[in-house]
$ cat run-v2.pdb   # PDB, C-alpha atoms
ATOM      1  CA  MET Y 496       6.051 -19.572  30.944
ATOM      2  CA  LEU Y 497       2.853 -17.581  31.488
ATOM      3  CA  ASP Y 498       3.933 -16.771  35.062
ATOM      4  CA  ARG Y 499       7.196 -15.268  33.831
ATOM      5  CA  PHE Y 500       5.374 -13.316  31.153
ATOM      6  CA  GLY Y 501       2.930 -11.963  33.753
ATOM      7  CA  GLU Y 502       5.790 -11.001  36.036
ATOM      8  CA  ALA Y 503       7.559  -9.178  33.227
ATOM      9  CA  ILE Y 504       4.386  -7.254  32.371
ATOM     10  CA  SER Y 505       3.957  -6.304  36.024
ATOM     11  CA  VAL Y 506       7.534  -5.063  36.255
ATOM     12  CA  VAL Y 507       7.164  -3.011  33.065
ATOM     13  CA  LEU Y 508       3.856  -1.515  34.222
ATOM     14  CA  GLY Y 509       5.332  -0.744  37.646
ATOM     15  CA  ALA Y 510       8.318   0.988  36.058
ATOM     16  CA  LEU Y 511       6.005   2.995  33.794
ATOM     17  CA  ALA Y 512       3.869   4.049  36.761
ATOM     18  CA  LEU Y 513       6.964   5.107  38.694
ATOM     19  CA  ALA Y 514       8.347   7.026  35.718
ATOM     20  CA  TYR Y 515       5.005   8.799  35.270
ATOM     21  CA  LEU Y 516       4.962   9.672  38.954
ATOM     22  CA  VAL Y 517       8.453  11.167  38.820
ATOM     23  CA  TYR Y 518       7.614  13.039  35.604
ATOM     24  CA  GLU Y 519       4.364  14.447  37.004
ATOM     25  CA  ILE Y 520       5.990  15.624  40.255
ATOM     26  CA  ASP Y 521       8.828  17.244  38.337
ATOM     27  CA  ARG Y 522       6.413  18.895  35.881
ATOM     28  CA  ARG Y 523       4.352  20.379  38.690
ATOM     29  CA  LYS Y 524       7.447  21.641  40.497
ATOM     30  CA  ARG Y 525       8.713  23.337  37.326
ATOM     31  CA  ARG Y 526       5.299  24.854  36.691
ATOM     32  CA  LEU Y 527       5.127  26.195  40.241
ATOM     33  CA  ARG Y 528       8.604  27.716  39.929
ATOM     34  CA  ASP Y 529       7.591  29.278  36.633
ATOM     35  CA  LEU Y 530       4.398  30.682  38.144
ATOM     36  CA  PHE Y 531       6.195  32.177  41.156
ATOM     37  CA  HIS Y 532       9.460  33.090  39.512
ATOM     38  CA  VAL Y 533      12.184  34.288  41.889
ATOM     39  CA  LEU Y 534      14.148  37.270  40.570
ATOM     40  CA  GLY Y 535      17.928  37.106  40.595
ATOM     41  CA  SER Y 536      20.818  38.563  38.649
ATOM     42  CA  GLU Y 537      19.487  37.043  35.392
ATOM     43  CA  GLU Y 538      16.477  39.329  35.534
ATOM     44  CA  ALA Y 539      18.524  42.425  36.425
ATOM     45  CA  ASP Y 540      17.853  44.055  33.043
ATOM     46  CA  ILE Y 541      14.082  43.507  33.298
ATOM     47  CA  SER Y 542      13.912  44.932  36.812
ATOM     48  CA  GLY Y 543      16.383  47.687  35.951
ATOM     49  CA  GLU Y 544      14.151  48.941  33.146
ATOM     50  CA  LEU Y 545      11.086  49.005  35.397
ATOM     51  CA  LEU Y 546      13.128  50.882  37.970
ATOM     52  CA  SER Y 547      14.278  53.460  35.438
ATOM     53  CA  MET Y 548      10.665  53.952  34.265
ATOM     54  CA  VAL Y 549       9.779  54.830  37.849
ATOM     55  CA  GLU Y 550      12.789  57.067  38.369
ATOM     56  CA  SER Y 551      12.166  58.960  35.131
ATOM     57  CA  GLY Y 552       8.544  59.581  36.125
ATOM     58  CA  GLU Y 553       7.226  57.561  33.187
ATOM     59  CA  LEU Y 554       5.296  55.431  35.672
ATOM     60  CA  GLN Y 555       3.320  56.989  38.487
ATOM     61  CA  PRO Y 556       2.091  55.066  41.536
ATOM     62  CA  TYR Y 557      -1.467  53.805  41.262
ATOM     63  CA  SER Y 558      -4.020  55.619  43.361
ATOM     64  CA  ARG Y 559      -7.772  55.127  43.535
ATOM     65  CA  GLU Y 560      -8.199  58.874  43.228
ATOM     66  CA  ALA Y 561      -6.292  58.999  40.000
ATOM     67  CA  ARG Y 562      -8.417  56.172  38.603
ATOM     68  CA  ALA Y 563     -11.738  57.685  39.779
TER      69      ALA Y 563
ATOM     70  CA  MET V 802     -42.410  72.429  64.981
ATOM     71  CA  VAL V 803     -40.394  71.277  62.067
ATOM     72  CA  ILE V 804     -36.761  70.702  62.529
ATOM     73  CA  GLU V 805     -34.843  70.846  59.385
ATOM     74  CA  LEU V 806     -32.061  68.428  59.257
ATOM     75  CA  PRO V 807     -28.935  69.927  57.857
ATOM     76  CA  ALA V 808     -28.357  68.794  54.354
ATOM     77  CA  ARG V 809     -25.659  66.198  54.265
ATOM     78  CA  PRO V 810     -22.608  68.051  53.145
ATOM     79  CA  ARG V 811     -21.282  66.640  49.948
ATOM     80  CA  LYS V 812     -18.020  64.986  50.373
ATOM     81  CA  ALA V 813     -15.256  67.425  49.756
ATOM     82  CA  ALA V 814     -12.921  66.679  46.921
ATOM     83  CA  ARG V 815     -11.274  63.320  47.393
ATOM     84  CA  ARG V 816      -8.180  63.430  49.477
ATOM     85  CA  LYS V 817      -5.038  63.704  47.509
ATOM     86  CA  TYR V 818      -3.112  60.479  47.153
ATOM     87  CA  LYS V 819      -0.199  60.172  49.494
ATOM     88  CA  PRO V 820       2.313  57.499  48.633
ATOM     89  CA  PRO V 821       2.904  54.999  51.435
ATOM     90  CA  ALA V 822       5.512  56.213  53.891
ATOM     91  CA  ASP V 823       7.429  52.996  54.293
ATOM     92  CA  PRO V 824       6.691  50.606  51.425
ATOM     93  CA  ARG V 825       8.338  47.208  51.450
ATOM     94  CA  PHE V 826       7.401  46.296  47.896
ATOM     95  CA  ARG V 827       7.109  47.932  44.531
ATOM     96  CA  ILE V 828       4.482  46.095  42.492
ATOM     97  CA  PHE V 829       4.214  46.351  38.709
ATOM     98  CA  ILE V 830       1.378  44.987  36.631
ATOM     99  CA  ILE V 831       2.333  44.178  33.060
ATOM    100  CA  ASP V 832      -0.408  42.959  30.761
ATOM    101  CA  SER V 833      -0.409  43.022  26.979
ATOM    102  CA  GLY V 834      -3.854  41.430  26.958
ATOM    103  CA  TRP V 835      -3.118  38.279  24.971
ATOM    104  CA  ASN V 836      -4.400  35.916  27.673
ATOM    105  CA  ALA V 837      -8.053  36.918  27.887
ATOM    106  CA  VAL V 838      -8.815  34.481  30.715
ATOM    107  CA  ALA V 839      -6.087  35.683  33.069
ATOM    108  CA  ARG V 840      -6.706  39.318  32.088
ATOM    109  CA  ARG V 841     -10.388  39.015  32.987
ATOM    110  CA  VAL V 842      -9.606  37.387  36.333
ATOM    111  CA  LEU V 843      -7.095  40.125  37.127
ATOM    112  CA  ARG V 844      -9.520  42.909  36.214
ATOM    113  CA  HIS V 845     -12.487  41.401  38.056
ATOM    114  CA  ASN V 846     -10.443  40.759  41.161
ATOM    115  CA  PHE V 847      -8.340  43.887  41.106
ATOM    116  CA  ALA V 848      -9.610  44.664  44.617
ATOM    117  CA  LEU V 849      -7.122  42.059  45.865
ATOM    118  CA  ILE V 850      -4.295  44.207  44.497
ATOM    119  CA  ARG V 851      -5.920  47.545  45.247
ATOM    120  CA  ARG V 852      -6.076  46.602  48.904
ATOM    121  CA  LEU V 853      -2.275  46.627  48.981
ATOM    122  CA  HIS V 854      -1.878  50.172  47.659
ATOM    123  CA  ARG V 855      -2.030  51.846  51.070
ATOM    124  CA  GLU V 856       1.164  50.137  52.145
ATOM    125  CA  GLU V 857       2.897  49.306  48.896
ATOM    126  CA  LEU V 858       3.656  51.154  45.689
ATOM    127  CA  ILE V 859       1.700  49.844  42.709
ATOM    128  CA  TYR V 860       2.414  50.717  39.093
ATOM    129  CA  LEU V 861       0.178  49.770  36.189
ATOM    130  CA  LEU V 862       1.734  49.607  32.753
ATOM    131  CA  SER V 863      -0.689  50.457  29.973
ATOM    132  CA  ARG V 864      -1.373  47.844  27.314
ATOM    133  CA  LYS V 865       0.866  49.706  24.859
ATOM    134  CA  LYS V 866       3.707  50.033  27.358
ATOM    135  CA  SER V 867       3.327  46.375  28.312
ATOM    136  CA  VAL V 868       3.555  45.254  24.673
ATOM    137  CA  GLU V 869       6.676  47.375  24.148
ATOM    138  CA  PHE V 870       8.232  46.187  27.407
ATOM    139  CA  ILE V 871       7.613  42.505  26.654
ATOM    140  CA  GLY V 872       8.950  43.066  23.146
ATOM    141  CA  ARG V 873      12.238  44.224  24.670
ATOM    142  CA  HIS V 874      12.331  41.308  27.151
ATOM    143  CA  ARG V 875      11.377  38.306  25.089
ATOM    144  CA  SER V 876      11.727  35.830  27.946
ATOM    145  CA  LEU V 877       8.426  37.279  29.194
ATOM    146  CA  ILE V 878       6.460  36.440  26.050
ATOM    147  CA  GLY V 879       3.498  34.220  26.875
ATOM    148  CA  ARG V 880       3.808  34.859  30.589
ATOM    149  CA  ASP V 881       1.745  37.999  31.031
ATOM    150  CA  PRO V 882      -0.282  39.216  32.858
ATOM    151  CA  ILE V 883       2.768  39.501  35.076
ATOM    152  CA  ILE V 884       2.795  40.914  38.564
ATOM    153  CA  ALA V 885       6.392  41.909  39.259
ATOM    154  CA  VAL V 886       7.231  42.445  42.900
ATOM    155  CA  HIS V 887      10.438  44.224  43.852
ATOM    156  CA  ASP V 888      11.598  43.752  47.421
ATOM    157  CA  LEU V 889      12.864  47.215  48.315
ATOM    158  CA  LYS V 890      14.664  45.877  51.371
ATOM    159  CA  ALA V 891      16.678  43.400  49.295
ATOM    160  CA  MET V 892      17.263  45.989  46.554
ATOM    161  CA  GLY V 893      18.544  48.487  49.081
ATOM    162  CA  GLY V 894      21.528  46.273  49.768
ATOM    163  CA  ARG V 895      22.535  44.693  46.452
ATOM    164  CA  GLY V 896      20.291  46.314  43.873
ATOM    165  CA  THR V 897      19.258  43.848  41.214
ATOM    166  CA  ALA V 898      22.527  41.880  41.313
ATOM    167  CA  ALA V 899      21.089  39.125  43.514
ATOM    168  CA  PHE V 900      17.656  38.191  44.841
ATOM    169  CA  HIS V 901      15.371  41.199  44.547
ATOM    170  CA  GLY V 902      11.790  39.967  44.332
ATOM    171  CA  PHE V 903       9.607  37.706  42.276
ATOM    172  CA  HIS V 904       7.246  37.559  39.309
ATOM    173  CA  LEU V 905       3.801  36.032  39.286
ATOM    174  CA  HIS V 906       3.294  34.783  35.720
ATOM    175  CA  LEU V 907      -0.480  34.569  35.488
ATOM    176  CA  GLY V 908      -0.289  34.163  31.712
ATOM    177  CA  ILE V 909       0.910  30.557  31.951
ATOM    178  CA  LEU V 910      -2.398  29.579  33.559
ATOM    179  CA  ARG V 911      -5.293  28.503  31.382
ATOM    180  CA  THR V 912      -8.377  28.405  33.571
ATOM    181  CA  PRO V 913     -10.049  31.214  35.553
ATOM    182  CA  ARG V 914      -9.942  29.093  38.698
ATOM    183  CA  GLN V 915      -6.169  28.555  38.454
ATOM    184  CA  ALA V 916      -5.632  32.279  37.871
ATOM    185  CA  LEU V 917      -7.867  33.267  40.773
ATOM    186  CA  VAL V 918      -6.176  30.864  43.201
ATOM    187  CA  ALA V 919      -2.747  32.175  42.131
ATOM    188  CA  LEU V 920      -3.894  35.777  42.546
ATOM    189  CA  GLN V 921      -5.321  35.069  45.996
ATOM    190  CA  THR V 922      -2.137  33.279  47.036
ATOM    191  CA  PHE V 923      -0.098  36.233  45.774
ATOM    192  CA  ALA V 924      -2.209  38.838  47.605
ATOM    193  CA  HIS V 925      -2.060  36.818  50.817
ATOM    194  CA  PHE V 926       1.688  36.334  50.527
ATOM    195  CA  VAL V 927       2.445  40.015  49.919
ATOM    196  CA  GLY V 928       0.039  41.097  52.641
ATOM    197  CA  THR V 929       1.573  38.806  55.230
ATOM    198  CA  HIS V 930       5.254  39.134  54.347
ATOM    199  CA  ARG V 931       5.857  42.864  54.377
ATOM    200  CA  HIS V 932       7.866  42.492  57.580
ATOM    201  CA  SER V 933       9.727  39.399  56.464
ATOM    202  CA  ARG V 934      13.395  39.355  57.477
ATOM    203  CA  ASN V 935      14.388  37.237  54.514
ATOM    204  CA  LEU V 936      11.842  37.166  51.729
ATOM    205  CA  GLU V 937      13.929  34.876  49.545
ATOM    206  CA  VAL V 938      13.983  32.145  52.195
ATOM    207  CA  ASP V 939      10.233  32.564  52.755
ATOM    208  CA  ILE V 940       9.481  32.216  49.036
ATOM    209  CA  ARG V 941      11.722  29.202  48.544
ATOM    210  CA  THR V 942      10.331  27.508  51.665
ATOM    211  CA  GLY V 943       6.798  28.144  50.410
ATOM    212  CA  LEU V 944       7.612  26.725  46.982
ATOM    213  CA  ARG V 945       9.195  23.624  48.537
ATOM    214  CA  ARG V 946       6.143  23.112  50.736
ATOM    215  CA  GLU V 947       3.769  23.517  47.784
ATOM    216  CA  GLY V 948       5.924  21.125  45.773
ATOM    217  CA  MET V 949       5.710  18.511  48.510
ATOM    218  CA  LEU V 950       1.963  19.013  48.857
ATOM    219  CA  GLY V 951       1.673  18.561  45.096
ATOM    220  CA  SER V 952       3.640  15.320  45.317
ATOM    221  CA  VAL V 953       1.433  14.042  48.115
ATOM    222  CA  GLU V 954      -1.645  14.980  46.081
ATOM    223  CA  ILE V 955      -0.323  12.987  43.122
ATOM    224  CA  LEU V 956       0.428  10.022  45.364
ATOM    225  CA  LEU V 957      -3.018  10.146  46.937
ATOM    226  CA  HIS V 958      -5.100  10.782  43.837
ATOM    227  CA  LYS V 959      -3.321   9.978  40.595
ATOM    228  CA  VAL V 960      -1.483   6.784  41.565
ATOM    229  CA  PRO V 961      -4.529   4.969  42.973
ATOM    230  CA  ARG V 962      -6.466   5.983  39.850
ATOM    231  CA  ALA V 963      -3.673   4.759  37.571
ATOM    232  CA  LEU V 964      -3.540   1.472  39.493
ATOM    233  CA  GLY V 965      -7.315   1.156  39.330
ATOM    234  CA  VAL V 966      -7.686   1.199  43.146
TER     235      VAL V 966
END
$ encode --input "run-v2.pdb" --output "structure tokens"
Amino acid sequence: MLDRFGEAISVVLGALALAYLVYEIDRRKRRLRDLFHVLGSEEADISGELLSMVESGELQPYSREARA
Amino acid sequence: MVIELPARPRKAARRKYKPPADPRFRIFIIDSGWNAVARRVLRHNFALIRRLHREELIYLLSRKKSVEFIGRHRSLIGRDPIIAVHDLKAMGGRGTAAFHGFHLHLGILRTPRQALVALQTFAHFVGTHRHSRNLEVDIRTGLRREGMLGSVEILLHKVPRALGV
């Protein structure tokens, strides 16, 4: 009886450890993809506005001289 | 006999800024200032970015402009300081309709060390990939590799600790 109970506990703990492992790996992958976010068509409006700020002259390129 | 050394001529007015002739990237820095930790790391280590300005175009949005910009693009809330990198080579072909660069969202990081490592990784990546044939593939390969390294790290450190080894 005790053996079966011990086995069951081991299986449950093993499953929990595996689930945690999968969760942690997935969490880190998502975090990494959020940190280095690749730009595609979904971000076209964000990039388009930055582009138009450059084209209109609202933003000027950074230069050390200008900052000095 | 006394020889007078010519007085060191004062440096003439600083040379006028010439934009890089053949930039690969356009880099924008957007920072509303809400994340004090990441903001401080970015300011203190701005030399990492400044170093790129001879070859790439860098644009700094003021705090006010950044707040307004993020207000118009709410998906960016909580992610700034953001370093937006536009790949001019990719944009030359398809504009912004497909892959056209990447964002570094420093604002999602909480510790100075995390922010500094991310900034260093970014500066290294941009500095070494300006001649990349396919930046998208390079970024995705890098992310996959980092993901696998992260998994290995978890397997090596967290699992033994969880198992009490």
$ closest_atom_pairs --input "run-v2.pdb" --of "chain V" --to "chain Y" --cutoff "9 Å" --atoms "all atoms listed in the file" --output "Markdown table"
| residue | atom | partner | partner_atom | distance |
| --- | --- | --- | --- | --- |
| V:Arg815 | CA | Y:Glu560 | CA | 6.8 |
| V:Arg816 | CA | Y:Glu560 | CA | 7.7 |
| V:Lys817 | CA | Y:Glu560 | CA | 7.2 |
| V:Tyr818 | CA | Y:Ser558 | CA | 6.2 |
| V:Lys819 | CA | Y:Ser558 | CA | 8.5 |
| V:Pro820 | CA | Y:Pro556 | CA | 7.5 |
| V:Phe829 | CA | Y:Leu545 | CA | 8.1 |
| V:Arg851 | CA | Y:Arg559 | CA | 8.0 |
| V:His854 | CA | Y:Ser558 | CA | 7.3 |
| V:Arg855 | CA | Y:Ser558 | CA | 8.8 |
| V:Leu858 | CA | Y:Pro556 | CA | 5.9 |
| V:Ile859 | CA | Y:Tyr557 | CA | 5.3 |
| V:Tyr860 | CA | Y:Pro556 | CA | 5.0 |
| V:Leu861 | CA | Y:Tyr557 | CA | 6.7 |
| V:Leu862 | CA | Y:Leu554 | CA | 7.4 |
| V:Phe870 | CA | Y:Glu544 | CA | 8.7 |
| V:Arg873 | CA | Y:Ile541 | CA | 8.9 |
| V:His874 | CA | Y:Ile541 | CA | 6.8 |
| V:Arg880 | CA | Y:Leu530 | CA | 8.7 |
| V:Ala885 | CA | Y:Ser542 | CA | 8.5 |
| V:Val886 | CA | Y:Leu534 | CA | 8.9 |
| V:His887 | CA | Y:Ser542 | CA | 7.9 |
| V:Gly896 | CA | Y:Ala539 | CA | 8.6 |
| V:Thr897 | CA | Y:Ala539 | CA | 5.0 |
| V:Ala898 | CA | Y:Ser536 | CA | 4.6 |
| V:Ala899 | CA | Y:Gly535 | CA | 4.8 |
| V:Phe900 | CA | Y:Gly535 | CA | 4.4 |
| V:His901 | CA | Y:Leu534 | CA | 5.7 |
| V:Gly902 | CA | Y:Leu534 | CA | 5.2 |
| V:Phe903 | CA | Y:Val533 | CA | 4.3 |
| V:His904 | CA | Y:His532 | CA | 5.0 |
| V:Leu905 | CA | Y:Phe531 | CA | 4.9 |
| V:His906 | CA | Y:Leu530 | CA | 4.9 |
| V:Leu907 | CA | Y:Leu530 | CA | 6.8 |
| V:Gly908 | CA | Y:Leu530 | CA | 8.7 |
| V:Ile909 | CA | Y:Leu530 | CA | 7.1 |
| V:Leu910 | CA | Y:Leu530 | CA | 8.3 |
| V:Ala919 | CA | Y:Leu530 | CA | 8.3 |
| V:Phe923 | CA | Y:Phe531 | CA | 8.8 |
| V:Glu937 | CA | Y:Val533 | CA | 7.9 |
| V:Ile940 | CA | Y:Val533 | CA | 7.9 |
| V:Arg941 | CA | Y:Val533 | CA | 8.4 |
| V:Leu944 | CA | Y:Arg528 | CA | 7.2 |
| V:Arg945 | CA | Y:Lys524 | CA | 8.5 |
| V:Glu947 | CA | Y:Leu527 | CA | 8.1 |
| V:Gly948 | CA | Y:Lys524 | CA | 5.5 |
| V:Met949 | CA | Y:Ile520 | CA | 8.7 |
| V:Gly951 | CA | Y:Ile520 | CA | 7.1 |
| V:Ser952 | CA | Y:Ile520 | CA | 5.6 |
| V:Ile955 | CA | Y:Ile520 | CA | 7.4 |
| V:Leu956 | CA | Y:Leu516 | CA | 7.9 |
| V:Lys959 | CA | Y:Leu516 | CA | 8.4 |
| V:Val960 | CA | Y:Leu516 | CA | 7.5 |
| V:Ala963 | CA | Y:Ala512 | CA | 7.6 |
| V:Leu964 | CA | Y:Ala512 | CA | 8.3 |
$ atom_distance --input "run-v2.pdb" --atom1 "atom CA of Ser833 of chain V" --atom2 "atom CA of Arg864 of chain V"
4.9 Å
$ resolve_selection --input "run-v2.pdb" --expression "the PyMOL selection byres ((chain V and resi 914) around 12)" --output "PyMOL selection string"
chain V and resi 838-839+841-843+846+907+910-913+915-921
$ write_last_selection --input "run-v2.pdb" --atoms "C-alpha atoms" --output "JSON list (two decimals), keeping the file's coordinate frame"
[["chain", "number", "residue", "atom", "x", "y", "z"],
["V", 838, "VAL", "CA", -8.82, 34.48, 30.72],
["V", 839, "ALA", "CA", -6.09, 35.68, 33.07],
["V", 841, "ARG", "CA", -10.39, 39.02, 32.99],
["V", 842, "VAL", "CA", -9.61, 37.39, 36.33],
["V", 843, "LEU", "CA", -7.10, 40.12, 37.13],
["V", 846, "ASN", "CA", -10.44, 40.76, 41.16],
["V", 907, "LEU", "CA", -0.48, 34.57, 35.49],
["V", 910, "LEU", "CA", -2.40, 29.58, 33.56],
["V", 911, "ARG", "CA", -5.29, 28.50, 31.38],
["V", 912, "THR", "CA", -8.38, 28.40, 33.57],
["V", 913, "PRO", "CA", -10.05, 31.21, 35.55],
["V", 915, "GLN", "CA", -6.17, 28.56, 38.45],
["V", 916, "ALA", "CA", -5.63, 32.28, 37.87],
["V", 917, "LEU", "CA", -7.87, 33.27, 40.77],
["V", 918, "VAL", "CA", -6.18, 30.86, 43.20],
["V", 919, "ALA", "CA", -2.75, 32.17, 42.13],
["V", 920, "LEU", "CA", -3.89, 35.78, 42.55],
["V", 921, "GLN", "CA", -5.32, 35.07, 46.00]]
$ closest_residue --input "run-v2.pdb" --among "V:Met892, V:Leu936, V:Ala924, V:Thr929" --to "Arg852 of chain V" --atoms "all atoms listed in the file"
V:Ala924
$ axis_aligned_box --input "run-v2.pdb" --around "segment 508-525 of chain Y" --padding-each-side "3 Å" --output "JSON"
{"center_x": 6.3, "center_y": 10.9, "center_z": 37.1, "size_x": 11.0, "size_y": 30.9, "size_z": 12.7}
$ decode --input "run-v2.pdb" --residues "segment 527-538 of chain Y" --atoms "N, CA and C atoms" --output "short mmCIF file (atom, residue, chain, number, x, y, z; two decimals), in the first residue's frame"
data_model
loop_
_atom_site.label_atom_id
_atom_site.label_comp_id
_atom_site.auth_asym_id
_atom_site.auth_seq_id
_atom_site.Cartn_x
_atom_site.Cartn_y
_atom_site.Cartn_z
N LEU Y 527 12.33 36.47 -24.51
CA LEU Y 527 13.41 36.80 -25.46
C LEU Y 527 12.84 37.38 -26.75
N ARG Y 528 11.73 36.80 -27.22
CA ARG Y 528 11.10 37.30 -28.44
C ARG Y 528 10.45 38.66 -28.22
N ASP Y 529 10.07 38.93 -26.99
CA ASP Y 529 9.50 40.24 -26.67
C ASP Y 529 10.62 41.28 -26.54
N LEU Y 530 11.75 40.84 -26.03
CA LEU Y 530 12.89 41.76 -25.88
C LEU Y 530 13.45 42.14 -27.25
N PHE Y 531 13.70 41.15 -28.09
CA PHE Y 531 14.16 41.40 -29.46
C PHE Y 531 12.97 41.12 -30.38
N HIS Y 532 12.17 42.13 -30.57
CA HIS Y 532 10.91 41.95 -31.30
C HIS Y 532 11.12 42.21 -32.79
N VAL Y 533 10.87 41.19 -33.60
CA VAL Y 533 11.06 41.32 -35.05
C VAL Y 533 9.89 42.10 -35.66
N LEU Y 534 10.21 43.06 -36.50
CA LEU Y 534 9.17 43.92 -37.10
C LEU Y 534 8.65 43.32 -38.41
N GLY Y 535 7.34 43.22 -38.48
CA GLY Y 535 6.70 42.72 -39.70
C GLY Y 535 5.57 43.65 -40.11
N SER Y 536 4.63 43.12 -40.86
CA SER Y 536 3.55 43.97 -41.36
C SER Y 536 2.67 44.53 -40.23
N GLU Y 537 2.62 43.82 -39.10
CA GLU Y 537 1.79 44.28 -37.97
C GLU Y 537 2.30 45.59 -37.38
N GLU Y 538 3.58 45.82 -37.54
CA GLU Y 538 4.16 47.06 -36.98
C GLU Y 538 4.34 48.12 -38.05
#
